[in-house]
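Raw contents of model.pdb, PDB, C-alpha atoms and all ligand atoms:
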ATOM      1  CA  MET A   1       0.000   0.000   0.000
ATOM      2  CA  GLU A   2       2.904   2.301  -0.882
ATOM      3  CA  HIS A   3       0.621   4.951  -2.396
ATOM      4  CA  GLN A   4      -2.150   4.970   0.193
ATOM      5  CA  GLY A   5      -3.520   8.511   0.578
ATOM      6  CA  ARG A   6      -2.180   9.632  -2.808
ATOM      7  CA  HIS A   7      -4.318  10.674  -5.738
ATOM      8  CA  ALA A   8      -3.233   9.463  -9.181
ATOM      9  CA  LEU A   9      -4.667  10.416 -12.547
ATOM     10  CA  VAL A  10      -4.290   8.158 -15.578
ATOM     11  CA  THR A  11      -5.504   9.460 -18.937
ATOM     12  CA  GLY A  12      -6.787   6.744 -21.227
ATOM     13  CA  GLY A  13      -7.160   4.691 -18.037
ATOM     14  CA  GLY A  14     -10.133   2.679 -19.266
ATOM     15  CA  THR A  15      -8.242   0.413 -21.671
ATOM     16  CA  GLY A  16      -4.913  -1.215 -22.484
ATOM     17  CA  ILE A  17      -1.731   0.211 -20.982
ATOM     18  CA  GLY A  18      -3.541   2.925 -19.001
ATOM     19  CA  LEU A  19      -5.907   0.442 -17.400
ATOM     20  CA  GLY A  20      -3.020  -1.788 -16.349
ATOM     21  CA  ILE A  21      -1.200   1.134 -14.711
ATOM     22  CA  ALA A  22      -4.391   2.461 -13.082
ATOM     23  CA  MET A  23      -5.156  -0.944 -11.583
ATOM     24  CA  GLY A  24      -1.564  -1.315 -10.360
ATOM     25  CA  LEU A  25      -1.684   2.071  -8.634
ATOM     26  CA  ALA A  26      -5.105   1.317  -7.095
ATOM     27  CA  GLU A  27      -3.774  -1.976  -5.740
ATOM     28  CA  ALA A  28      -0.838  -0.022  -4.280
ATOM     29  CA  GLY A  29      -3.334   2.095  -2.320
ATOM     30  CA  ALA A  30      -3.782   5.202  -4.490
ATOM     31  CA  GLU A  31      -7.147   6.703  -5.321
ATOM     32  CA  VAL A  32      -6.994   6.671  -9.108
ATOM     33  CA  THR A  33      -8.965   8.890 -11.470
ATOM     34  CA  ILE A  34      -9.199   7.240 -14.863
ATOM     35  CA  THR A  35     -10.124   9.395 -17.825
ATOM     36  CA  GLY A  36     -11.143   9.013 -21.450
ATOM     37  CA  ARG A  37     -13.894  10.050 -23.817
ATOM     38  CA  ASN A  38     -15.976   6.883 -23.413
ATOM     39  CA  LEU A  39     -17.646   7.300 -20.009
ATOM     40  CA  ASP A  40     -19.576   4.011 -20.130
ATOM     41  CA  ARG A  41     -16.380   2.009 -20.545
ATOM     42  CA  LEU A  42     -14.646   3.963 -17.765
ATOM     43  CA  GLN A  43     -17.568   3.347 -15.404
ATOM     44  CA  GLN A  44     -17.597  -0.386 -16.186
ATOM     45  CA  VAL A  45     -13.887  -0.613 -15.431
ATOM     46  CA  ALA A  46     -14.159   1.526 -12.291
ATOM     47  CA  ALA A  47     -16.748  -0.921 -10.946
ATOM     48  CA  ASP A  48     -13.942  -3.519 -10.736
ATOM     49  CA  HIS A  49     -11.996  -1.689  -8.019
ATOM     50  CA  PRO A  50     -13.185   0.610  -5.198
ATOM     51  CA  ARG A  51     -10.261   3.006  -5.703
ATOM     52  CA  LEU A  52     -10.846   3.576  -9.430
ATOM     53  CA  HIS A  53     -12.919   6.670 -10.293
ATOM     54  CA  ALA A  54     -14.252   7.374 -13.790
ATOM     55  CA  LEU A  55     -14.029  10.841 -15.328
ATOM     56  CA  GLN A  56     -14.945  11.820 -18.876
ATOM     57  CA  MET A  57     -12.202  14.064 -20.271
ATOM     58  CA  ASP A  58     -10.987  14.693 -23.803
ATOM     59  CA  VAL A  59      -7.258  15.417 -23.534
ATOM     60  CA  ALA A  60      -7.347  17.435 -26.752
ATOM     61  CA  ASP A  61      -9.796  19.939 -25.262
ATOM     62  CA  ALA A  62      -8.080  22.495 -23.004
ATOM     63  CA  ALA A  63     -11.176  23.555 -21.057
ATOM     64  CA  ASN A  64     -12.259  19.953 -20.609
ATOM     65  CA  VAL A  65      -8.856  19.013 -19.163
ATOM     66  CA  ARG A  66      -8.680  22.047 -16.888
ATOM     67  CA  ASN A  67     -12.197  21.513 -15.529
ATOM     68  CA  GLY A  68     -11.852  17.731 -15.307
ATOM     69  CA  VAL A  69      -8.557  17.794 -13.432
ATOM     70  CA  THR A  70      -9.820  20.518 -11.089
ATOM     71  CA  SER A  71     -12.960  18.526 -10.237
ATOM     72  CA  ALA A  72     -10.927  15.339  -9.672
ATOM     73  CA  ALA A  73      -8.546  17.220  -7.356
ATOM     74  CA  GLU A  74     -11.466  18.721  -5.431
ATOM     75  CA  ALA A  75     -12.891  15.227  -4.942
ATOM     76  CA  ARG A  76      -9.697  13.307  -4.119
ATOM     77  CA  GLY A  77      -6.879  15.781  -3.477
ATOM     78  CA  PRO A  78      -3.852  17.071  -5.394
ATOM     79  CA  ILE A  79      -2.656  14.857  -8.229
ATOM     80  CA  ALA A  80       0.645  13.507  -6.946
ATOM     81  CA  ILE A  81       0.943  10.869  -9.675
ATOM     82  CA  CYS A  82       0.017  11.787 -13.226
ATOM     83  CA  VAL A  83       0.241   9.292 -16.069
ATOM     84  CA  ALA A  84      -0.346  10.972 -19.431
ATOM     85  CA  ASN A  85      -1.100   7.844 -21.399
ATOM     86  CA  ALA A  86      -3.979   8.738 -23.750
ATOM     87  CA  GLY A  87      -2.928   8.502 -27.358
ATOM     88  CA  ILE A  88      -3.894   7.519 -30.856
ATOM     89  CA  ALA A  89      -1.890   5.626 -33.462
ATOM     90  CA  GLU A  90      -3.419   5.815 -36.914
ATOM     91  CA  PRO A  91      -0.962   4.928 -39.672
ATOM     92  CA  ALA A  92      -0.780   7.044 -42.817
ATOM     93  CA  PRO A  93       1.884   7.055 -45.550
ATOM     94  CA  PHE A  94       3.429  10.518 -45.658
ATOM     95  CA  ARG A  95       2.159  11.417 -49.118
ATOM     96  CA  ASN A  96      -1.415  10.675 -47.967
ATOM     97  CA  GLU A  97      -1.030  12.502 -44.644
ATOM     98  CA  THR A  98      -3.500  15.347 -44.261
ATOM     99  CA  LEU A  99      -3.103  18.454 -42.169
ATOM    100  CA  ASP A 100      -6.288  17.551 -40.281
ATOM    101  CA  HIS A 101      -4.948  14.123 -39.358
ATOM    102  CA  TRP A 102      -1.538  15.558 -38.471
ATOM    103  CA  ARG A 103      -3.200  18.101 -36.175
ATOM    104  CA  SER A 104      -5.550  15.606 -34.534
ATOM    105  CA  THR A 105      -2.593  13.312 -33.765
ATOM    106  CA  MET A 106      -0.655  16.218 -32.265
ATOM    107  CA  ALA A 107      -3.716  17.416 -30.347
ATOM    108  CA  THR A 108      -4.158  14.065 -28.617
ATOM    109  CA  ASN A 109      -0.601  12.776 -28.290
ATOM    110  CA  LEU A 110       1.325  15.987 -27.627
ATOM    111  CA  ASP A 111      -1.074  18.784 -26.618
ATOM    112  CA  GLY A 112      -2.818  16.177 -24.456
ATOM    113  CA  VAL A 113       0.320  15.533 -22.410
ATOM    114  CA  PHE A 114       1.033  19.260 -22.090
ATOM    115  CA  LEU A 115      -2.511  20.066 -20.946
ATOM    116  CA  THR A 116      -2.709  17.113 -18.565
ATOM    117  CA  PHE A 117       0.659  17.754 -16.898
ATOM    118  CA  GLN A 118       0.039  21.480 -16.570
ATOM    119  CA  ALA A 119      -3.409  21.005 -15.032
ATOM    120  CA  ALA A 120      -2.208  18.227 -12.693
ATOM    121  CA  MET A 121       0.838  20.206 -11.560
ATOM    122  CA  ALA A 122      -1.373  23.227 -10.828
ATOM    123  CA  THR A 123      -2.991  21.126  -8.063
ATOM    124  CA  LEU A 124       0.413  20.650  -6.356
ATOM    125  CA  ASP A 125       2.658  22.994  -4.395
ATOM    126  CA  ARG A 126       5.948  23.696  -6.205
ATOM    127  CA  ASP A 127       7.907  21.672  -3.604
ATOM    128  CA  ALA A 128       5.434  18.777  -3.453
ATOM    129  CA  TRP A 129       6.280  15.118  -4.091
ATOM    130  CA  GLY A 130       5.186  14.229  -7.583
ATOM    131  CA  ARG A 131       5.666  11.618 -10.286
ATOM    132  CA  MET A 132       4.852  12.715 -13.847
ATOM    133  CA  ILE A 133       4.956   9.914 -16.387
ATOM    134  CA  ALA A 134       4.160  10.067 -20.099
ATOM    135  CA  ILE A 135       3.652   7.051 -22.307
ATOM    136  CA  SER A 136       5.710   7.775 -25.396
ATOM    137  CA  SER A 137       6.858   4.918 -27.647
ATOM    138  CA  ILE A 138       9.985   3.573 -29.271
ATOM    139  CA  ALA A 139       8.660   5.783 -32.087
ATOM    140  CA  GLY A 140       9.620   8.648 -29.769
ATOM    141  CA  LEU A 141      13.251   7.641 -30.198
ATOM    142  CA  ARG A 142      13.519   6.341 -33.725
ATOM    143  CA  GLY A 143      11.646   6.703 -36.991
ATOM    144  CA  LEU A 144       8.539   4.634 -37.704
ATOM    145  CA  LYS A 145       7.559   4.488 -41.362
ATOM    146  CA  ASN A 146       3.977   5.248 -42.389
ATOM    147  CA  ALA A 147       3.458   6.979 -39.049
ATOM    148  CA  ILE A 148       5.140  10.373 -39.361
ATOM    149  CA  ALA A 149       2.610  12.296 -37.268
ATOM    150  CA  TYR A 150       2.745   9.614 -34.568
ATOM    151  CA  THR A 151       6.548   9.555 -34.646
ATOM    152  CA  ALA A 152       6.785  13.352 -34.395
ATOM    153  CA  SER A 153       4.230  13.499 -31.572
ATOM    154  CA  LYS A 154       6.019  10.828 -29.536
ATOM    155  CA  HIS A 155       9.417  12.518 -30.062
ATOM    156  CA  GLY A 156       7.742  15.706 -28.802
ATOM    157  CA  VAL A 157       6.615  13.955 -25.614
ATOM    158  CA  ILE A 158      10.202  12.996 -24.812
ATOM    159  CA  GLY A 159      11.312  16.576 -25.446
ATOM    160  CA  MET A 160       8.707  17.761 -22.970
ATOM    161  CA  ILE A 161       9.890  15.264 -20.347
ATOM    162  CA  ARG A 162      13.520  16.316 -20.751
ATOM    163  CA  GLY A 163      12.665  20.025 -20.562
ATOM    164  CA  LEU A 164      10.456  19.622 -17.499
ATOM    165  CA  SER A 165      13.066  17.542 -15.670
ATOM    166  CA  GLU A 166      15.487  20.467 -16.116
ATOM    167  CA  GLU A 167      12.937  23.105 -15.149
ATOM    168  CA  TYR A 168      12.003  21.334 -11.899
ATOM    169  CA  MET A 169      15.495  20.059 -11.066
ATOM    170  CA  GLY A 170      16.009  19.739  -7.306
ATOM    171  CA  ASN A 171      12.298  19.440  -6.572
ATOM    172  CA  ASP A 172      10.748  16.238  -5.269
ATOM    173  CA  MET A 173       9.082  15.733  -8.629
ATOM    174  CA  THR A 174      10.337  13.520 -11.434
ATOM    175  CA  PHE A 175       9.415  13.425 -15.119
ATOM    176  CA  ASN A 176       9.915  10.299 -17.177
ATOM    177  CA  ALA A 177       8.693   8.773 -20.410
ATOM    178  CA  ILE A 178       8.020   5.084 -20.940
ATOM    179  CA  CYS A 179       8.728   3.955 -24.496
ATOM    180  CA  PRO A 180       7.182   0.595 -25.311
ATOM    181  CA  GLY A 181       7.498  -1.494 -28.429
ATOM    182  CA  TYR A 182       4.319  -3.210 -29.639
ATOM    183  CA  VAL A 183       2.041  -4.071 -26.705
ATOM    184  CA  ASP A 184      -0.988  -6.366 -26.875
ATOM    185  CA  THR A 185      -3.741  -3.709 -26.551
ATOM    186  CA  PRO A 186      -6.656  -2.380 -28.609
ATOM    187  CA  ILE A 187      -4.245  -0.138 -30.582
ATOM    188  CA  VAL A 188      -2.426  -3.224 -31.846
ATOM    189  CA  ASP A 189      -5.769  -4.924 -32.590
ATOM    190  CA  ARG A 190      -6.826  -1.935 -34.705
ATOM    191  CA  ASN A 191      -3.483  -1.683 -36.505
ATOM    192  CA  ALA A 192      -3.399  -5.430 -37.167
ATOM    193  CA  ALA A 193      -6.839  -5.138 -38.772
ATOM    194  CA  ILE A 194      -5.581  -2.311 -41.016
ATOM    195  CA  ILE A 195      -2.482  -4.318 -42.028
ATOM    196  CA  ALA A 196      -4.645  -7.399 -42.684
ATOM    197  CA  GLN A 197      -6.918  -5.412 -44.952
ATOM    198  CA  HIS A 198      -4.095  -3.698 -46.881
ATOM    199  CA  GLN A 199      -1.868  -6.742 -47.254
ATOM    200  CA  GLY A 200      -4.540  -9.412 -47.698
ATOM    201  CA  VAL A 201      -3.416 -11.473 -44.702
ATOM    202  CA  SER A 202      -5.382 -12.729 -41.695
ATOM    203  CA  ASP A 203      -5.617 -10.705 -38.478
ATOM    204  CA  ASP A 204      -3.490 -13.348 -36.751
ATOM    205  CA  GLU A 205      -0.785 -13.079 -39.412
ATOM    206  CA  ALA A 206      -0.865  -9.293 -39.105
ATOM    207  CA  ARG A 207      -0.499  -9.549 -35.307
ATOM    208  CA  GLY A 208       2.438 -11.880 -35.910
ATOM    209  CA  MET A 209       4.062  -9.240 -38.115
ATOM    210  CA  LEU A 210       3.736  -6.666 -35.335
ATOM    211  CA  ALA A 211       5.077  -9.141 -32.777
ATOM    212  CA  ARG A 212       8.101  -9.824 -34.969
ATOM    213  CA  ALA A 213       8.779  -6.081 -35.124
ATOM    214  CA  ASN A 214       9.721  -6.348 -31.436
ATOM    215  CA  ARG A 215      13.296  -7.588 -31.114
ATOM    216  CA  HIS A 216      12.278 -10.580 -28.974
ATOM    217  CA  LYS A 217       9.523 -11.439 -31.473
ATOM    218  CA  ARG A 218       6.559 -11.306 -29.148
ATOM    219  CA  LEU A 219       4.001  -8.703 -28.217
ATOM    220  CA  LEU A 220       4.585  -7.103 -24.857
ATOM    221  CA  HIS A 221       1.946  -7.491 -22.152
ATOM    222  CA  THR A 222       0.527  -4.529 -20.283
ATOM    223  CA  ASP A 223       1.841  -5.845 -16.948
ATOM    224  CA  GLU A 224       5.369  -5.158 -18.229
ATOM    225  CA  ILE A 225       4.523  -1.465 -18.653
ATOM    226  CA  THR A 226       2.651  -1.364 -15.346
ATOM    227  CA  ALA A 227       5.695  -2.714 -13.502
ATOM    228  CA  THR A 228       7.877   0.061 -14.925
ATOM    229  CA  ALA A 229       5.351   2.765 -14.054
ATOM    230  CA  LEU A 230       5.072   1.451 -10.473
ATOM    231  CA  TRP A 231       8.852   1.392 -10.182
ATOM    232  CA  LEU A 232       9.041   5.026 -11.395
ATOM    233  CA  CYS A 233       6.570   5.934  -8.644
ATOM    234  CA  SER A 234       8.541   4.062  -5.989
ATOM    235  CA  ASP A 235      10.979   5.619  -3.540
ATOM    236  CA  GLY A 236      13.797   3.637  -5.122
ATOM    237  CA  ALA A 237      13.367   5.558  -8.397
ATOM    238  CA  ARG A 238      13.483   9.026  -6.790
ATOM    239  CA  SER A 239      16.640   9.928  -8.743
ATOM    240  CA  VAL A 240      15.411   8.591 -12.078
ATOM    241  CA  ASN A 241      14.457  11.784 -13.885
ATOM    242  CA  GLY A 242      14.234  13.006 -17.467
ATOM    243  CA  GLN A 243      14.545   9.486 -18.860
ATOM    244  CA  ALA A 244      12.995   7.751 -21.847
ATOM    245  CA  ILE A 245      12.793   4.138 -20.689
ATOM    246  CA  GLN A 246      12.611   1.620 -23.509
ATOM    247  CA  ILE A 247      10.614  -1.575 -23.013
ATOM    248  CA  ALA A 248      10.901  -3.275 -26.355
ATOM    249  CA  GLY A 249      12.494  -6.673 -25.909
ATOM    250  CA  GLY A 250      15.937  -5.529 -26.968
ATOM    251  CA  HIS A 251      18.176  -2.639 -27.916
ATOM    252  CA  VAL A 252      16.410   0.198 -29.769
ATOM    253  CA  THR A 253      18.645   3.264 -29.602
TER     254      THR A 253
HETATM  255  P1  LIG A 301      -5.691   1.961 -26.331
HETATM  256  O1  LIG A 301      -6.306   2.313 -27.622
HETATM  257  O2  LIG A 301      -6.267   0.865 -25.532
HETATM  258  O3  LIG A 301      -5.592   3.230 -25.399
HETATM  259  C1  LIG A 301      -5.710   4.550 -25.809
HETATM  260  C2  LIG A 301      -6.482   5.280 -24.727
HETATM  261  O4  LIG A 301      -6.415   6.671 -24.991
HETATM  262  C3  LIG A 301      -7.949   4.873 -24.685
HETATM  263  O5  LIG A 301      -8.292   4.554 -23.360
HETATM  264  C4  LIG A 301      -8.699   6.105 -25.173
HETATM  265  O6  LIG A 301      -9.900   6.262 -24.442
HETATM  266  C5  LIG A 301      -7.705   7.209 -24.812
HETATM  267  N1  LIG A 301      -7.830   8.363 -25.694
HETATM  268  C6  LIG A 301      -7.592   8.442 -27.033
HETATM  269  N2  LIG A 301      -7.840   9.664 -27.467
HETATM  270  C7  LIG A 301      -8.262  10.396 -26.392
HETATM  271  C8  LIG A 301      -8.673  11.736 -26.196
HETATM  272  N3  LIG A 301      -8.734  12.624 -27.210
HETATM  273  N4  LIG A 301      -9.017  12.123 -24.947
HETATM  274  C9  LIG A 301      -8.970  11.261 -23.932
HETATM  275  N5  LIG A 301      -8.592   9.978 -24.036
HETATM  276  C10 LIG A 301      -8.244   9.560 -25.269
HETATM  277  O7  LIG A 301      -4.157   1.605 -26.655
HETATM  278  P2  LIG A 301      -2.870   1.519 -25.726
HETATM  279  O8  LIG A 301      -3.209   1.170 -24.342
HETATM  280  O9  LIG A 301      -1.915   0.685 -26.452
HETATM  281  O10 LIG A 301      -2.303   3.013 -25.802
HETATM  282  C11 LIG A 301      -1.946   3.779 -24.681
HETATM  283  C12 LIG A 301      -0.732   4.632 -25.010
HETATM  284  O11 LIG A 301       0.385   3.784 -25.250
HETATM  285  C13 LIG A 301      -0.879   5.517 -26.247
HETATM  286  O12 LIG A 301      -0.349   6.797 -25.978
HETATM  287  C14 LIG A 301      -0.028   4.791 -27.283
HETATM  288  O13 LIG A 301       0.477   5.668 -28.258
HETATM  289  C15 LIG A 301       1.062   4.220 -26.400
HETATM  290  N6  LIG A 301       1.791   3.110 -26.981
HETATM  291  C16 LIG A 301       1.149   1.941 -27.309
HETATM  292  C17 LIG A 301       1.848   0.903 -27.883
HETATM  293  C18 LIG A 301       1.195  -0.395 -28.277
HETATM  294  O14 LIG A 301       1.808  -1.164 -29.040
HETATM  295  N7  LIG A 301       0.015  -0.715 -27.792
HETATM  296  C19 LIG A 301       3.288   1.013 -28.139
HETATM  297  C20 LIG A 301       3.862   2.274 -27.731
HETATM  298  C21 LIG A 301       3.130   3.271 -27.177
HETATM  299  P3  LIG A 301     -11.262   6.820 -25.123
HETATM  300  O15 LIG A 301     -11.424   6.092 -26.420
HETATM  301  O16 LIG A 301     -12.310   6.524 -24.099
HETATM  302  O17 LIG A 301     -11.054   8.292 -25.309
END
Reformat the file's structure so that it appears as structure tokens.
Amino acid sequence: MEHQGRHALVTGGGTGIGLGIAMGLAEAGAEVTITGRNLDRLQQVAADHPRLHALQMDVADAANVRNGVTSAAEARGPIAICVANAGIAEPAPFRNETLDHWRSTMATNLDGVFLTFQAAMATLDRDAWGRMIAISSIAGLRGLKNAIAYTASKHGVIGMIRGLSEEYMGNDMTFNAICPGYVDTPIVDRNAAIIAQHQGVSDDEARGMLARANRHKRLLHTDEITATALWLCSDGARSVNGQAIQIAGGHVT
């Protein structure tokens, strides 16, 4: 119960990686606000644990984030642990990329982290204990073809983490990015379906292709990302700051 009495906020906490982290934090004693656009799904998930609390919040909407985070903090206290996880991954070859799609990817994956961190940190005193974690990707560290907007947005997240770790140096607050390879979540399901359709293979074969893109040739499981997030929130990781931690089955950068 290491985090008993702490309030954590996990964006995109109703599914996949975010849900795994939210559940891990709740089991470690934190009161956890989970957010997303789909309130029904969040409420269903929150029913599984007494310390999970559903909140509808679109991370691409500044007023929605500000009001949502403020109401969560009023209900459960300052947000000592913030996991900016919400994101979208919609592949598009560069020559077909549209400005609208580019902007919507940036709005969710990059503006969303900025808005979430800023609103969460506004609930904390400057010298407060805090753990700010963003879910980037190995695409935040290296190029991913047919996903230029995604790649740029995830590089931007790591830039934000590095800048914030400098700006708050010496405070009891750390900023880190987790950079997974392909993880078995709904994003991979959706991308496997797109690959299957474009390449005329089965969904299973397409999932196999994504698994083989990880160096150890298997999809990661969400518990592997949860374990890293919990470690970053632990006392033992108090000097781990400004890092982009790769969980990809083997060397990436
Ligand atoms: P999911 O699709 O399960 O999770 C994405 C979550 O983000 C959903 O819960 C969704 O909730 C939420 N979300 C999307 N857009 C918005 C928005 N505008 N406002 C609020 N919430 C939003 O996939 P993952 O769990 O895999 O993805 C989580 C993160 O991990 C993403 O940032 C992704 O880029 C990153 N990642 C994933 C990898 C993978 O292979 N799975 C690899 C590397 C990184 P809702 O629909 O209710 O809004």
Inset, instruction - Find the residue from A:Leu219, A:Glu74, A:Gly13, A:Ile79 that sits nearest to Ala30 in chain A; use only C-alpha atoms when measuring. - result: A:Ile79
Inset, instruction - Name the residues captured by the PyMOL selection byres (((not hetatm)) within 7 of (chain A and resi 301)) when it is applied to the shown file; answer as a ChimeraX atom specification. - result: /A:11-18,35-39,57-60,85-89,108-109,135-138,179-188
Inset, instruction - Pick out the residues sitting within 12 Å of Arg126 in chain A, and hand them over as a list of chain:residue names; count all atoms listed in the file, and ignore anything fewer than 3 positions along from it in its own chain. - result: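 Residues meeting the cut-off are A:Pro78, A:Ala80, A:Ala120, A:Met121, A:Ala122, A:Thr123, A:Trp129, A:Gly130, A:Glu167, A:Tyr168, A:Met169, A:Gly170, A:Asn171, A:Asp172, A:Met173.
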Inset, instruction - Compare A:Glu2, A:Glu224, A:Asp125, A:Asp235 by their minimum atom-to-atom distance to Ala26 in chain A, counting all atoms listed in the file, and give me the closest one. - result: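 Among the listed residues, A:Glu2 lies closest to Ala26 in chain A.
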Please evaluate the PyMOL selection byres (((chain A and resi 208) around 12) and not hetatm) against the structure above and give the resulting residues as a PDB file with C-alpha atoms, in the coordinates of the input.
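Generated output (selection-v5.pdb):
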ATOM      1  CA  TYR A 182       4.319  -3.210 -29.639  1.00  0.00           C
ATOM      2  CA  ASP A 184      -0.988  -6.366 -26.875  1.00  0.00           C
ATOM      3  CA  VAL A 188      -2.426  -3.224 -31.846  1.00  0.00           C
ATOM      4  CA  ASP A 189      -5.769  -4.924 -32.590  1.00  0.00           C
ATOM      5  CA  ASN A 191      -3.483  -1.683 -36.505  1.00  0.00           C
ATOM      6  CA  ALA A 192      -3.399  -5.430 -37.167  1.00  0.00           C
ATOM      7  CA  ALA A 193      -6.839  -5.138 -38.772  1.00  0.00           C
ATOM      8  CA  ILE A 195      -2.482  -4.318 -42.028  1.00  0.00           C
ATOM      9  CA  ALA A 196      -4.645  -7.399 -42.684  1.00  0.00           C
ATOM     10  CA  VAL A 201      -3.416 -11.473 -44.702  1.00  0.00           C
ATOM     11  CA  SER A 202      -5.382 -12.729 -41.695  1.00  0.00           C
ATOM     12  CA  ASP A 203      -5.617 -10.705 -38.478  1.00  0.00           C
ATOM     13  CA  ASP A 204      -3.490 -13.348 -36.751  1.00  0.00           C
ATOM     14  CA  GLU A 205      -0.785 -13.079 -39.412  1.00  0.00           C
ATOM     15  CA  ALA A 206      -0.865  -9.293 -39.105  1.00  0.00           C
ATOM     16  CA  ARG A 207      -0.499  -9.549 -35.307  1.00  0.00           C
ATOM     17  CA  MET A 209       4.062  -9.240 -38.115  1.00  0.00           C
ATOM     18  CA  LEU A 210       3.736  -6.666 -35.335  1.00  0.00           C
ATOM     19  CA  ALA A 211       5.077  -9.141 -32.777  1.00  0.00           C
ATOM     20  CA  ARG A 212       8.101  -9.824 -34.969  1.00  0.00           C
ATOM     21  CA  ALA A 213       8.779  -6.081 -35.124  1.00  0.00           C
ATOM     22  CA  ASN A 214       9.721  -6.348 -31.436  1.00  0.00           C
ATOM     23  CA  LYS A 217       9.523 -11.439 -31.473  1.00  0.00           C
ATOM     24  CA  ARG A 218       6.559 -11.306 -29.148  1.00  0.00           C
ATOM     25  CA  LEU A 219       4.001  -8.703 -28.217  1.00  0.00           C
TER      26      LEU A 219
END
Find the smallest box with edges along x, y and z containing every listed atom of range 242-253 of chain A, then add 5 Å on each side and report centre and edge lengths in Å to one decimal, as JSON.
{"center_x": 14.6, "center_y": 3.2, "center_z": -23.6, "size_x": 18.0, "size_y": 29.7, "size_z": 22.3}
Inset, instruction - Between A:Leu52, A:Gly20, A:Thr253, A:Glu31, single out the one closest to Leu230 in chain A, counting only C-alpha atoms. - result: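 Checking each of A:Leu52, A:Gly20, A:Thr253, A:Glu31 against Leu230 in chain A, counting only C-alpha atoms, the winner is A:Gly20.
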Legend entry - Matched chain/residue IDs from the PyMOL selection byres (((chain A and resi 104) around 12) and not hetatm), as number ranges by chain: A: 59-61, 87-90, 97-103, 105-112, 149-150, 153
Inset, instruction - Between A:Ala244, A:Ala92, A:Leu42, A:Ala63, single out the one closest to Arg162 in chain A, counting only C-alpha atoms. - result: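 Going through A:Ala244, A:Ala92, A:Leu42, A:Ala63 one by one, the smallest distance to Arg162 in chain A is for A:Ala244.
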Inset, instruction - Could you check how far CA of Lys154 in chain A sits from CA of Met132 in chain A, in Å to one decimal? - result: 15.8 Å
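Picture a line from CA of His216 in chain A to CA of Gln246 in chain A; it runs 13.4 Å.
For the residues A:Arg51, A:Lys145, A:His221, A:Arg215, ranking by smallest atom-to-atom distance to Gln4 in chain A using only C-alpha atoms places A:Arg51 first.
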Legend entry - Nearest candidate to Phe117 in chain A (options A:Arg238, A:Arg66, A:Arg95, A:His53; using all atoms listed in the file): A:Arg66
Inset, instruction - Between CA of Thr116 in chain A and CA of Ala84 in chain A, measure the distance and give it in Å to one decimal. - result: 6.6 Å
